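Asks: Submitted below is the structure of interest, expressed as structure tokens.
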Amino acid sequence: MEQQIITPKRTIIPFGPQHPVLPEPLHFDLVLEDEKIIDAIPTIGYIHRGLEMLVEKREFTEMVFVAERICGICSFIHGLGYCQAIEEIMNLEVPKRAQYLRVIWSELSRIHSHLLWLGLAADAFGFENLFNQSWRARETVLDVIEETTGGRVIFGSCKVGGVRKDIDKDTMTRILGVLAKLEKDVRSICNVFIKDNSVKHRLCGVGYLSTEDAKRLGAVGPMLRASGVSYDVRSTGYSIYDDLSFEIPTEKDGDCYARCAVRVAELYQSFSLIRQAAEKIPDGELSVKVTGMPNGETFQRLEQPRGEVIYYVKGNGTKFLSRFRARTPTFANIPAMIQVLKGSDLADVPNIVLTIDPCISCTER
Amino acid sequence: MKGSKTIIPIQKSELISRVQKYYDQEFRMAQICCVKEPAGKEPTQKLEMSYSFEKDHVFETLRFDVASGEEIPSITPVYNGAYLYENELHDLYGIPVKGINIDFKGTFYKVSIPTPFNPGCGNGCGDSKVNG
């Protein structure tokens, strides 16, 4: 009897821009053969705001407020990157105390971002209790941020030449106590992420990205480090990171579980960095006076919770800049995500998309 | 702070060979950026291109100018992941990029006016793809 060869029928399934697993709009046309994805075609731009072009209308000292509003999760680091770029162009020496405060707020941002992600990831793989616990812990970090800066989402504490707010000794001591208690809670929550069988069942072996592909496709952040590449911009020692000791957490498996494990290790590390910074922070001024106008250009690289962010700033000697560009980590991770989606099961798409921790506000700056 | 940052002026014709050298030396592609000169809404004659590569905290940027609407070669045959940057250049600045491995043909960004970062670029780039 002649054997009949059946060619699988291809189906295109739209994923997003509105989807229960996506906090922000992102669209994929998923090309499937049976349940396997053979291609994913992304579309972005649903909320593109053209914020970069506002440099032509906002004075360079005001632009930090715009930079902070690129994203509600990495807001502080966006403002910091912009300020560092202007400070480098204008040769401003930022006081040490301000630099330590910047690192403390950066690491608080990282903790709240990673806790937010852990919650979203738990929600995506159907562990609602873990979602609740992660976000409950995140509230404590937001309270600390509110106490020290006055804002829960937009800090507004960074300015060109330094910082606007200080943390006095009593507040710092109290905050360290709050964070010590929080760290215990976070360790208990993260134990479930790392050890629970149902979590492993959903994440292990899913969404594999090889080391070679991660490098070739320009992946950054936990996406890159989970594939065994030890690259973290903080290791360049920007701000005062070279005064603090830390190791770059990496994993070798390159799957969703490895990306989760990297973020968990980074959470613990952020608590340690805040403790070290609080211990070493010197007394002194919070800012230097800014005189003149920026004239020149620079690239600044910082490590956001989602990975390396690159800012390009070009001044022309006037109060308005010629160009401000932010290459955000999510933008850099999209090619790697598409690579990972190919060959995956349709049911794993939400988990895979979430494990790059997509921030569409950043991408649609 | 560790590392270095360098901007290297090149000719457009040198781009692919220079990029290939970075690839061979295991640099990773960090970013591609375009600057309209001068800034503002007025049509421009000049766009400044910057291609950055990084390895062991050595950050090098290739820099060359192109005329508004002038075609540039794609670097995706060397760095596959560059297609997002190149589609962005096409959709926001109206730069035609020749040989992109994944070309969204103007549908990557949902723009409400053609080439919003380089209005009136004059080559019709994006005119038929406005889908705001």
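Residues in the structure tokens are numbered from 1 in each chain, the chains being A, B, ... in the order shown, and ligands are numbered from 1 in the order shown.
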Output as a ChimeraX atom specification the set of chain B residues within 6 Å of chain A, with distances taken over only C-alpha atoms.

Replies: /B:1-2,39,81,108-110

Asks: Go ahead and save the picked residues with C-alpha atoms, as a PDB file, in the first residue's frame.

Replies:
```pdb
ATOM      1  CA  MET B   1      35.740  53.209  35.168  1.00  0.00           C
ATOM      2  CA  LYS B   2      37.083  50.323  33.125  1.00  0.00           C
ATOM      3  CA  ALA B  39      17.936  68.753  14.526  1.00  0.00           C
ATOM      4  CA  GLY B  81      20.171  40.550  15.142  1.00  0.00           C
ATOM      5  CA  PHE B 108       7.650  47.322  12.242  1.00  0.00           C
ATOM      6  CA  TYR B 109       6.569  50.601  13.818  1.00  0.00           C
ATOM      7  CA  LYS B 110       2.957  51.772  13.724  1.00  0.00           C
TER       8      LYS B 110
END
```

Asks: Please extract the residues of chain B with a backbone DSSP assignment of strand (DSSP E) and present them as a PyMOL selection string.

Replies: chain B and resi 4-9+28-37+46-55+58-67+72-73+97-98

Asks: Skipping near chain neighbours, those fewer than 6 positions away, what residues fall within 12 Å of Arg152 (chain A) using only C-alpha atoms, listed as a PyMOL selection string?

Replies: chain A and resi 72-76+105+108-109+112+138-146

Asks: Could you take the residues named above and write them with C-alpha atoms, as a compact mmCIF listing (two decimals), in the first residue's frame?

Replies:
```
# COMPACT_ATOMS: atom_id res chain seq x y z
CA GLY A 72 7.68 53.32 35.10
CA ILE A 73 9.85 50.44 36.23
CA CYS A 74 13.35 51.47 35.21
CA SER A 75 12.54 55.16 35.66
CA PHE A 76 15.40 56.03 38.00
CA TRP A 105 18.14 53.91 44.41
CA LEU A 108 16.04 49.45 44.96
CA SER A 109 14.74 49.80 41.39
CA HIS A 112 11.21 46.13 42.72
CA ARG A 138 7.34 44.51 46.17
CA GLU A 139 5.03 46.88 48.03
CA THR A 140 7.62 47.11 50.83
CA VAL A 141 10.29 48.23 48.35
CA LEU A 142 7.93 50.81 46.90
CA ASP A 143 7.29 52.08 50.45
CA VAL A 144 11.04 52.50 50.97
CA ILE A 145 11.35 54.31 47.64
CA GLU A 146 8.44 56.58 48.57
```

Asks: I'd like the neighbourhood of Ala67 (chain B) as a ChimeraX atom specification, where a residue qualifies if any of its atoms comes within 9 Å (using only C-alpha atoms), though same-chain residues fewer than 4 positions away should be ignored.

Replies: /B:44-48,71

Asks: I need the residues from that last selection saved to file as a PDB file, in the first residue's frame (with N, CA and C atoms), if you can.

Replies:
```pdb
ATOM      1  N   THR B  44      16.297  67.665   6.071  1.00  0.00           N
ATOM      2  CA  THR B  44      17.749  67.697   6.200  1.00  0.00           C
ATOM      3  C   THR B  44      18.414  67.078   4.976  1.00  0.00           C
ATOM      4  N   GLN B  45      19.664  67.419   4.791  1.00  0.00           N
ATOM      5  CA  GLN B  45      20.452  66.809   3.722  1.00  0.00           C
ATOM      6  C   GLN B  45      21.384  65.744   4.285  1.00  0.00           C
ATOM      7  N   LYS B  46      21.536  65.733   5.632  1.00  0.00           N
ATOM      8  CA  LYS B  46      22.585  64.884   6.192  1.00  0.00           C
ATOM      9  C   LYS B  46      22.088  64.087   7.393  1.00  0.00           C
ATOM     10  N   LEU B  47      22.400  62.805   7.394  1.00  0.00           N
ATOM     11  CA  LEU B  47      22.123  61.954   8.549  1.00  0.00           C
ATOM     12  C   LEU B  47      23.445  61.335   9.003  1.00  0.00           C
ATOM     13  N   GLU B  48      23.642  61.315  10.300  1.00  0.00           N
ATOM     14  CA  GLU B  48      24.898  60.799  10.838  1.00  0.00           C
ATOM     15  C   GLU B  48      24.643  59.408  11.419  1.00  0.00           C
ATOM     16  N   GLU B  71      20.539  55.120   0.232  1.00  0.00           N
ATOM     17  CA  GLU B  71      20.528  53.712   0.631  1.00  0.00           C
ATOM     18  C   GLU B  71      21.806  53.336   1.377  1.00  0.00           C
TER      19      GLU B  71
END
```

Asks: Residues of chain B in helix (DSSP H, G or I) according to DSSP, as number ranges by chain?

Replies: B: 12-24, 80-93, 127-129

Asks: Write out as a list in words the residues lying within 8 Å of Ile70 (chain A), counting only C-alpha atoms and excluding same-chain residues fewer than 3 positions away.

Replies: Leu51, Val66, Ala67, Ser75, His78, Ser361, Cys362 and Arg365 of chain A

Asks: Take the residues from that selection and put them in a file with C-alpha atoms, as a tab-separated table (two decimals), in the first residue's frame.

Replies:
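The resulting file, selection35.tsv, is shown below:
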```tsv
chain	number	residue	atom	x	y	z
A	51	LEU	CA	10.23	60.98	23.68
A	66	VAL	CA	11.34	63.15	30.40
A	67	ALA	CA	14.06	60.49	30.53
A	75	SER	CA	12.54	55.16	35.66
A	78	HIS	CA	16.81	56.14	32.74
A	361	SER	CA	7.41	51.39	27.45
A	362	CYS	CA	11.22	51.33	27.27
A	365	ARG	CA	10.41	55.39	24.22
```

Asks: Compare B:Tyr83, B:Glu54, B:Glu88, B:Val66 by their minimum atom-to-atom distance to Gln25 (chain B), counting only C-alpha atoms, and give me the closest one.

Replies: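 Result for the nearest residue to Gln25 (chain B): B:Glu54.
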
Asks: So that I can check the surroundings of Leu273 (chain A), please list as a VMD selection string every protein, DNA and RNA residue that reaches within 10 Å of it, counting only C-alpha atoms and ignoring chain neighbours fewer than 3 positions away.

Replies: chain A and resid 103 to 104 107 to 108 241 244 to 246 267 to 270 276 to 279

Asks: Can you tell me, as a VMD selection string, what residues are no more than 10 Å from Asp255 (chain A) when counting only C-alpha atoms, ignoring any on the same chain fewer than 4 positions away?

Replies: chain A and resid 203 to 210 223 226 to 227 251 259 to 261 340 352 355
